[in-house]
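Trainee: Mind looking over this structure? Questions follow.
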Amino acid sequence: MASNPTISRRQALRMALTSSVAVASCAVALSGPSALTIFAGQPTPTALLGVRTGTIPAGGPASAIPVVVESMDPTTNRVQILSVAQMHRDGTPVLFVSETISAFARLTDGTFLLAITPLPGTSQSGRPMRLTRLTQSSAITVPSSGLSALEQAASLLLTSDGRLLGLVGRRNGRPPNRIVQIDPQSASISDYAKVQLPAGQRYQSLAQCPDGQLYSTIVENSGATSLVNLNTGSAVPLTFQGDVWNNGLASLVCSASNQLFALGAPRGSWPNGVYVVDAAGGSMIRIGDFNVASLTLARA
Amino acid sequence: MGSWQVLPYSAPLLPINVALLHTGKLLIFAGSGNDPSNVGTTNDNAVWDLRAGTFSHPRGPVDSTGTPLDLFCAGQSFLPDGTLLVTGGTLQYSPLYGLPNAYAFSPSTETWTNIASMNGGRWYPTQVTLASGRVFALSGLGTTGSLNIQPELSPVPPLSGSGWDIFPPTDSPFPMYAHMFLLNNGNLFFSGASYGGTNGVAQRILSVPADATQPIIETSVPGPPVDLYSDQAASVFLPPAQLQRVMIVGGGGGSPEMPTNRVAITSNLTGSSPAYSLGPSLTYARMHHSAVILPDRTIFVCNGSGMPEDVTTSMLPAEIYNPASNSWTIAETPSVPRVYHSNAVLLPDGRVATMGGNPPGLPHELRLEIYSPSYMTHKRPVIQSAPNNIGYNLPFMIGTTSNIKWVSLIRPSATTHSMDTEQRLVDLPITGKRNGASVSVSGPASGYLAPPGWYMLFLTDNTGTPSIAVWVLLS
C-alpha cells in the first residue's frame with residue numbers, strides 16, 4: 001500500500017477538525033503549552049482521554065499510586081485533569097504500587113474502565129488482572145476470569161455495537177495475542193471468535209472506526225510498527241517525519257470522523273504525544289504532548 | 001607504549017552491564033539482551049574469571065512463577081559489603097517500560113536475590129551509593145513508559161529495611177542514565193552526560209535531604225552549554241577525588257546527531273563558586289565510549305565511534321588524559337570496533353578490559369580485548385602487605401620496599417552506557433616513612449569522599465608506575 005509521507009500539519013489539523021471539534025480553537029492548534037486545570041465535569045464529546053499514574057506521596061515506602069485521568073482537546077492541546085475516585089468503598093486504593101494500568105476505556109455511561117495488572121516480582125504477581133470501573137466518586141473492582149496469570153488486556157475497545165473487546169497478550173508484552181470479549185460488570189473474559197490473530201506476531205492496540213474498520217498495530221522485534229486493518233488484513237508501516245516508527249504505540253483510537261489517533265513516543269524518549277495517523281499511508285503527524293499511559297475517546 | 005590483546009575466547013553474552021567484583025571477577029549481564037524475543041525466557045548474566053579464562057552462569061532473578069525479571073538496561077552500584085545492588089530493567093519492549101524491581105548480587109556466593117521493589121519502574125536508571133551505604137535511584141522510564149521523576153532511597157544495608165523511601169518529584173526531568181557523582185559534602189553532581197539527551201537539564205548540583213519527605217534542591221553549575229553534547233558522553237571524577245573536579249568527554253548531539261570532541265572540566269564542585277569550562281579537546285570525536293581512571297592518575301578513553309552506532313567509524317585510537325599536564329596523548333588503536341552497549345573496566349593488575357558492542361543490524365560484539373598501559377612493561381612496585389580492612393581517618397601500614405609517590409584507593413567500576421557512578425580514585429595521604437619496608441597512610445576523610453565498600457589499593461612509585469592492587473574493605 002502506498003504511503004503518504006508528505007501529509008502536512010495543515011492536513012492533519014483539518015483531519016482533526018473534521019471530527020467536529022471546536023473550530024474556534026484552531027488559532028492555537030498544534031502549538032503552545034498545555035493548560036492544566038482540575039475539572040470536575042464531563043469531558044467534551046470530542047476530547048481525547050488519557051490515564052496515567054500520579055505523584056506518589058513522598059516519604060516511606062508507598063502502597064498506593066494516585067490515578068490521574070486527563071482530557072486533551074486535540075485542536076488546542078489543552079489538557080484538563082478530570083476528578084476521579086482514588087479509593088474503593090472499603091478504603092482500599094484504586095491502584096497499588098505493585099500494579100500497573102495496562103488498558104483504559106470509557107463506557108457508554110461515562111464510567112472509566114481500567115485494566116489493572118499486577119507487576120512481576122511482587123507479592124501480587126500471581127493474581128489475575130482486574131477491571132476497575134471508575135467515576136468521580138466511586139470505584140468498583142472485579143477480578144477478571146478467563147485470563148491466565150501471565151496475561152493482561154493491553155487494549156480495551158468499546159465497539160459500535162456495544163461490545164467491550166480486549167486485546168490480550170502476555171504481561172511482558174510478548175505474543176501470542178488474542179481478541180477477547182469482556183463483560184465489564186463481571187470481568188468475565190471469553191474469546192472473540194470473529195477475529196483471529198496469527199500466533200507469531202505481536203499485536204498491540206485495538207481501535208474501531210465508525211465505518212466499521214477494525215485496526216491494530218504489529219510490532220517487529222526491531223520496534224518497527226505497522227498499522228493493520230483487521231477487516232482486510234492489509235498492513236502499512238507507520239512513519240513519522242519519513243522514518244519508520246520503531247517503538248510501538250501505547251494506544252490507538254478512532255474518532256467520529258474515522259480519524260485515527262495514536263499515542264506514543266519515539267524509542268527511548270519521553271513524554272508520549274498524540275499523533276494523527278493516515279490510515280491509508282501510515283504517516284503520523286504529532287499534534288502535541290499528552291503525558292498519559294493509555295488513550296480513549298470521550299465519545300463512548 | 002601500551003598494547004592491545006584480543007583474547008582467544010569470547011564473551012558468552014553481550015556485556016551491556018559490567019561490574020568488577022572484589023573477588024577479582026567481573027559480573028556481566030544483558031538480561032534479554034536488546035532482543036524482545038528473549039523477554040520472559042532468557043536473563044543472561046555471567047561471572048567472568050579473567051585469571052582462569054572461564055565464565056560461570058548464575059541463575060538470573062526470577063519472579064514467583066520462575067519467569068525471569070529482565071535485567072536489560074538496569075542500574076547498578078555497590079553496597080558497603082561489596083554486594084552489587086541492581087535496580088530496574090525491562091518490563092516490556094516497544095514501548096519500553098521499566099521494572100520497579102531491585103536485586104542484590106553477592107560476589108561471594110555468585111547468586112542473585114530479589115530485594116524490596118522500588119515504588120516506581122525504572123528503565124535506564126541512575127544509581128549512586130551514598131556515604132550512608134544507602135543507594136539513591138533516579139530517573140528511568142516507569143512502568144507505563146513515562147519518565148520517573150521521583151528519586152528513591154534504598155533500604156539501609158544490608159537491605160533489611162521495609163522498602164524504598166521516595167522523594168517528591170524533582171524540579172528538573174533528569175534524563176535516563178544521568179551521570180551523577182557523590183561530592184565531598186554529600187551533594188550530588190549531575191555532569192550533563194546521559195542517554196538520549198538531557199531533557200533540557202544542564203549540569204547541576206543536587207542537595208539530597210536525609211528526610212525523603214523534603215524536596216531535593218537543585219543548583220546549576222555555570223559554563224558552556226555542554227549539555228548539547230550529552231548523549232552517551234563519558235564523565236569521570238578526575239583523580240584524585242579530593243580535587244572534586246569532573247571531566248565530561250565527547251558525546252553526541254545535534255540533528256542529525258553527531259559526536260563531538262569537546263571536553264569540559266569543572267572547578268572544585270564543593271568550592272564557593274563551582275563552574276566548568278572547556279578543556280583540551282579529544283583528537284577524535286566520539287560517543288558510546290568509556291573513560292577509565294588508571295592507577296597512574298591518568299584517564300584512559302576508549303571505545304565509541306565517530307558517527308552514532310557506526311562500526312565503520314569506531315576503529316579509533318584510545319586517548320589518555322593527564323590531569324597534571326592538562327593534555328591528551330593518542331594511544332594505540334584496538335582491533336575490535338565497539339559502539340553502543342560497549343564497556344571498559346580497570347582491572348586490579350592495572351590493565352583495562354574492553355567488551356561489548358551492539359551495532360544495529362549486525363551480530364553482538366562478543367570479542368574481548370585487553371589494553372595494557374605502558375606501565376605494564378615497567379618494573380612495578382610491590383605491595384608486600386596491607387590490611388584487609390581500613391577505616392575512615394585511621395592510620396595503617398602498607399609493606400613495600402619501593403619508593404612510593406602516591407597511595408590510591410580506586411573504587412571498582414560498575415558501568416553501562418558510558419555511565420559509571422562508582423569509579424573514583426581517592427588519594428591516601430602518606431603520613432610516614434616512604435622508603436625502606438613500609439609506608440604509613442591515613443584512611444579517607446569521610447564516606448562522602450570515599451563511600452564505604454571494597455576498593456583496590458594501589459601504590460605508585462616515584463617513576464609514576466603503579467603496583468598491582470590488593471583489595472581492601474573501607475568501613
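Letters A, B, ... mark the chains of the C-alpha cells in the order given; residue numbers begin at 1 per chain; ligand numbers begin at 1, in order shown.
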Enumerate as a compact mmCIF listing (two decimals) with C-alpha atoms, in the first residue's frame the residues belonging to chain B that approach chain A to within 9 Å, with only C-alpha atoms taken into account.
Mentor:
# COMPACT_ATOMS: atom_id res chain seq x y z
CA ASP B 35 16.07 -8.77 21.87
CA PRO B 36 12.33 -8.73 22.67
CA SER B 37 12.01 -12.39 21.76
CA VAL B 39 11.81 -11.48 27.30
CA GLY B 40 10.45 -13.99 29.74
CA VAL B 62 13.02 -14.59 38.61
CA ASP B 63 9.56 -13.89 39.94
CA SER B 64 7.40 -16.24 41.96
CA THR B 65 6.39 -18.13 38.82
CA THR B 67 9.74 -16.13 34.99
CA LEU B 69 12.82 -10.46 35.72
CA THR B 90 12.79 -4.04 31.23
CA LEU B 91 9.10 -4.70 31.82
CA GLN B 92 8.42 -4.76 28.08
CA TYR B 93 9.84 -3.58 24.77
CA SER B 94 8.30 -1.14 22.28
CA PRO B 95 7.11 0.89 24.03
CA LEU B 96 9.87 0.36 26.55
CA LEU B 99 10.54 -2.63 36.06
CA PRO B 100 10.39 -1.42 39.68
CA ASN B 101 12.28 -4.48 40.90
CA ASN B 114 15.30 -10.22 44.97
CA ALA B 116 12.21 -4.92 48.12
CA SER B 117 10.98 -3.35 44.92
CA MET B 118 11.15 0.36 44.35
CA ASN B 119 7.97 2.41 44.35
CA GLY B 120 8.23 3.04 40.61
CA LEU B 141 11.21 5.18 32.35
CA THR B 143 6.02 1.02 34.31
CA THR B 144 3.94 2.83 31.70
CA GLY B 145 6.81 4.48 29.84
CA SER B 146 6.75 7.91 31.48
CA LEU B 147 9.91 9.42 32.88
CA ILE B 149 10.76 11.98 38.25
CA GLN B 150 10.60 10.77 41.85
CA SER B 162 11.00 -2.21 54.87
CA GLY B 163 11.41 -0.67 51.48
CA TRP B 164 12.43 2.32 49.42
CA ASP B 165 11.81 5.87 50.57
CA ILE B 166 10.51 8.13 47.84
CA PHE B 167 11.19 11.84 47.29
CA PRO B 168 8.87 14.47 45.85
CA PRO B 169 9.26 14.98 42.10
CA MET B 176 17.89 8.47 31.54
CA TYR B 195 21.44 8.70 27.39
CA GLY B 196 19.32 10.28 24.66
CA GLY B 197 19.80 13.92 25.63
CA ASN B 199 15.61 16.85 28.54
CA ASP B 211 14.38 13.01 55.00
CA ALA B 212 12.69 11.89 51.80
CA THR B 213 9.63 13.99 52.50
CA GLN B 214 11.73 17.06 51.77
CA PRO B 215 12.45 18.27 48.24
Trainee: Using only C-alpha atoms, which of the listed residues (B:Gln76, B:Ser418, B:Thr113, B:Thr41) sits closest to Gly252 (chain B)?
Mentor: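 Counting only C-alpha atoms, the residue closest to Gly252 (chain B) is B:Ser418.
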Trainee: Just list the residues in region 109-194 of chain A DSSP gives strand (DSSP E or B) on the backbone, as a PyMOL selection string.
Mentor: chain A and resi 112-118+130-134+139-143+145+151-158+164-170+178-182+188-191
Trainee: Pick the closest to Ser155 (chain A) from A:Val142, A:Leu206, A:Leu131, A:Ile179: which is it, counting only C-alpha atoms?
Mentor: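 Smallest separation from Ser155 (chain A) among the options: A:Leu206.
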Trainee: Out of A:Leu49, A:Ala256, A:Val236, A:Ala139, which residue has the shortest atom-to-atom distance to Gln80 (chain A) when counting only C-alpha atoms?
Mentor: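 So, comparing all the options, the nearest one is A:Leu49.
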Trainee: Just want the 6 Å neighbourhood of region 273-281 of chain B, counted on only C-alpha atoms, with same-chain residues fewer than 4 positions away dropped. Output as a list of chain:residue names.
Mentor: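 In the requested form, the answer reads B:Val221, B:Pro222, B:Gly223, B:Asn261, B:Arg262, B:Val263, B:Ala264, B:Ile265, B:Thr266, B:Ser267, B:Asn268, B:Leu269.
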Trainee: Keeping only C-alpha atoms, write the selected residues as a compact mmCIF listing (two decimals), in the first residue's frame.
Mentor:
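Wrote result-v8.txt, looks like this:
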# COMPACT_ATOMS: atom_id res chain seq x y z
CA VAL B 221 26.73 24.95 37.59
CA PRO B 222 27.53 27.67 35.06
CA GLY B 223 29.62 27.18 31.98
CA ASN B 261 35.46 16.07 20.59
CA ARG B 262 34.65 18.68 23.19
CA VAL B 263 35.85 18.22 26.73
CA ALA B 264 34.59 20.13 29.73
CA ILE B 265 36.19 20.21 33.15
CA THR B 266 34.65 21.55 36.31
CA SER B 267 36.32 23.55 39.00
CA ASN B 268 36.13 22.30 42.58
CA LEU B 269 32.47 21.34 42.88
Trainee: For His341 (chain B), work out the shell of residues within 10 Å, counting only C-alpha atoms and skipping chain neighbours fewer than 5 positions away, then give it as a ChimeraX atom specification.
Mentor: /B:14-17,30,33-34,73,288-289,304,309,355-359,364-365,416-418
Trainee: Applying 8 Å and only C-alpha atoms, which residues near Ser446 (chain B) remain after dropping the ones on its own chain fewer than 2 positions away? List them as number ranges by chain.
Mentor: B: 131, 184, 392-393, 444, 448-451
Trainee: Expressed in Å to a single decimal, how great is the separation between CA of Thr23 (chain B) and CA of Pro295 (chain B)?
Mentor: 18.8 Å
Trainee: Could you work out how far CA of Ala47 (chain A) lies from CA of Gln86 (chain A), giving the answer in Å with one decimal?
Mentor: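 Separating CA of Gln86 (chain A) from CA of Ala47 (chain A) is a distance of 22.4 Å.
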Trainee: To one decimal place, how far is CA of Phe189 (chain B) from CA of Gly82 (chain B) in Å?
Mentor: 23.4 Å
Trainee: What lies within 12 Å of region 430-434 of chain B using only C-alpha atoms, ignoring chain neighbours under 3 positions off, as a list in words?
Mentor: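 The residues satisfying every condition are Asn393, Leu394, Pro395, Phe396, Met397, Ile398, Gly399, Thr400, Thr401, Ser402, Asn403, Ile404, Lys405, Trp406, Val407, Ser408, Asp427, Ala437, Ser438, Val439, Ser440, Val441, Ser442, Gly443, Pro444, Leu459, Thr460, Asp461 and Asn462 of chain B.
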Trainee: Residues of the last selection are to be written out with N, CA and C atoms, as an mmCIF file, in the first residue's frame.
Mentor:
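This is the output file selection.cif:
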data_model
loop_
_atom_site.group_PDB
_atom_site.id
_atom_site.type_symbol
_atom_site.label_atom_id
_atom_site.label_comp_id
_atom_site.auth_asym_id
_atom_site.auth_seq_id
_atom_site.Cartn_x
_atom_site.Cartn_y
_atom_site.Cartn_z
ATOM 1 N N ASN B 393 39.847 7.911 58.376
ATOM 2 C CA ASN B 393 40.799 8.692 59.190
ATOM 3 C C ASN B 393 41.671 7.822 60.101
ATOM 4 N N LEU B 394 41.702 6.548 59.866
ATOM 5 C CA LEU B 394 42.511 5.660 60.690
ATOM 6 C C LEU B 394 43.810 5.326 59.964
ATOM 7 N N PRO B 395 44.926 5.405 60.701
ATOM 8 C CA PRO B 395 46.202 5.105 60.056
ATOM 9 C C PRO B 395 46.369 3.604 59.826
ATOM 10 N N PHE B 396 47.115 3.282 58.778
ATOM 11 C CA PHE B 396 47.501 1.885 58.567
ATOM 12 C C PHE B 396 48.798 1.834 57.781
ATOM 13 N N MET B 397 49.402 0.663 57.803
ATOM 14 C CA MET B 397 50.723 0.481 57.189
ATOM 15 C C MET B 397 50.594 -0.408 55.956
ATOM 16 N N ILE B 398 51.423 -0.098 54.963
ATOM 17 C CA ILE B 398 51.485 -0.923 53.755
ATOM 18 C C ILE B 398 52.936 -1.359 53.590
ATOM 19 N N GLY B 399 53.160 -2.644 53.516
ATOM 20 C CA GLY B 399 54.505 -3.164 53.356
ATOM 21 C C GLY B 399 54.974 -3.034 51.918
ATOM 22 N N THR B 400 56.090 -2.353 51.713
ATOM 23 C CA THR B 400 56.673 -2.235 50.372
ATOM 24 C C THR B 400 58.119 -1.785 50.532
ATOM 25 N N THR B 401 58.918 -2.170 49.588
ATOM 26 C CA THR B 401 60.308 -1.712 49.594
ATOM 27 C C THR B 401 60.550 -0.652 48.544
ATOM 28 N N SER B 402 59.517 -0.265 47.845
ATOM 29 C CA SER B 402 59.657 0.701 46.754
ATOM 30 C C SER B 402 59.581 2.128 47.284
ATOM 31 N N ASN B 403 60.080 3.061 46.463
ATOM 32 C CA ASN B 403 59.930 4.474 46.782
ATOM 33 C C ASN B 403 58.561 4.927 46.290
ATOM 34 N N ILE B 404 57.726 5.262 47.195
ATOM 35 C CA ILE B 404 56.314 5.476 46.871
ATOM 36 C C ILE B 404 55.993 6.965 46.794
ATOM 37 N N LYS B 405 55.358 7.330 45.665
ATOM 38 C CA LYS B 405 54.897 8.709 45.490
ATOM 39 C C LYS B 405 53.445 8.876 45.921
ATOM 40 N N TRP B 406 52.624 7.908 45.525
ATOM 41 C CA TRP B 406 51.191 8.010 45.825
ATOM 42 C C TRP B 406 50.672 6.690 46.372
ATOM 43 N N VAL B 407 49.715 6.799 47.227
ATOM 44 C CA VAL B 407 48.908 5.648 47.642
ATOM 45 C C VAL B 407 47.464 5.984 47.269
ATOM 46 N N SER B 408 46.823 5.095 46.531
ATOM 47 C CA SER B 408 45.496 5.395 45.977
ATOM 48 C C SER B 408 44.519 4.266 46.267
ATOM 49 N N ASP B 427 43.030 9.721 46.980
ATOM 50 C CA ASP B 427 44.410 9.768 47.472
ATOM 51 C C ASP B 427 44.426 9.501 48.965
ATOM 52 N N ALA B 437 60.816 -0.318 54.372
ATOM 53 C CA ALA B 437 59.975 -1.505 54.395
ATOM 54 C C ALA B 437 58.502 -1.217 54.311
ATOM 55 N N SER B 438 58.098 0.021 54.525
ATOM 56 C CA SER B 438 56.662 0.277 54.535
ATOM 57 C C SER B 438 56.385 1.762 54.389
ATOM 58 N N VAL B 439 55.114 2.058 54.090
ATOM 59 C CA VAL B 439 54.629 3.428 54.185
ATOM 60 C C VAL B 439 53.424 3.410 55.111
ATOM 61 N N SER B 440 53.252 4.489 55.816
ATOM 62 C CA SER B 440 52.057 4.603 56.636
ATOM 63 C C SER B 440 51.163 5.680 56.033
ATOM 64 N N VAL B 441 49.892 5.397 56.025
ATOM 65 C CA VAL B 441 48.925 6.303 55.416
ATOM 66 C C VAL B 441 47.723 6.431 56.339
ATOM 67 N N SER B 442 46.855 7.364 55.969
ATOM 68 C CA SER B 442 45.624 7.556 56.721
ATOM 69 C C SER B 442 44.445 7.234 55.818
ATOM 70 N N GLY B 443 43.434 6.620 56.399
ATOM 71 C CA GLY B 443 42.247 6.290 55.624
ATOM 72 C C GLY B 443 41.530 7.542 55.143
ATOM 73 N N PRO B 444 40.605 7.409 54.203
ATOM 74 C CA PRO B 444 39.897 8.560 53.654
ATOM 75 C C PRO B 444 39.199 9.361 54.748
ATOM 76 N N LEU B 459 49.772 1.282 44.965
ATOM 77 C CA LEU B 459 50.915 2.143 45.235
ATOM 78 C C LEU B 459 51.471 2.607 43.893
ATOM 79 N N THR B 460 51.929 3.833 43.862
ATOM 80 C CA THR B 460 52.594 4.337 42.663
ATOM 81 C C THR B 460 53.972 4.827 43.069
ATOM 82 N N ASP B 461 54.987 4.363 42.355
ATOM 83 C CA ASP B 461 56.348 4.722 42.769
ATOM 84 C C ASP B 461 56.755 6.073 42.192
ATOM 85 N N ASN B 462 57.966 6.449 42.485
ATOM 86 C CA ASN B 462 58.422 7.789 42.100
ATOM 87 C C ASN B 462 58.584 7.953 40.598
#
Trainee: If you count only C-alpha atoms, which residues fall within 7 Å of Ala285 (chain B), apart from same-chain ones fewer than 5 positions away, as a PyMOL selection string?
Mentor: chain B and resi 250+259-261+306
Trainee: Can you list, as a list in words, every residue of region 287-447 of chain B that DSSP puts in helix (DSSP H, G or I)?
Mentor: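 In region 287-447 of chain B, DSSP puts these residues in helix (DSSP H, G or I): Val311, Thr312, Thr313, Ser374, Tyr375, Met376 and Thr377 of chain B.
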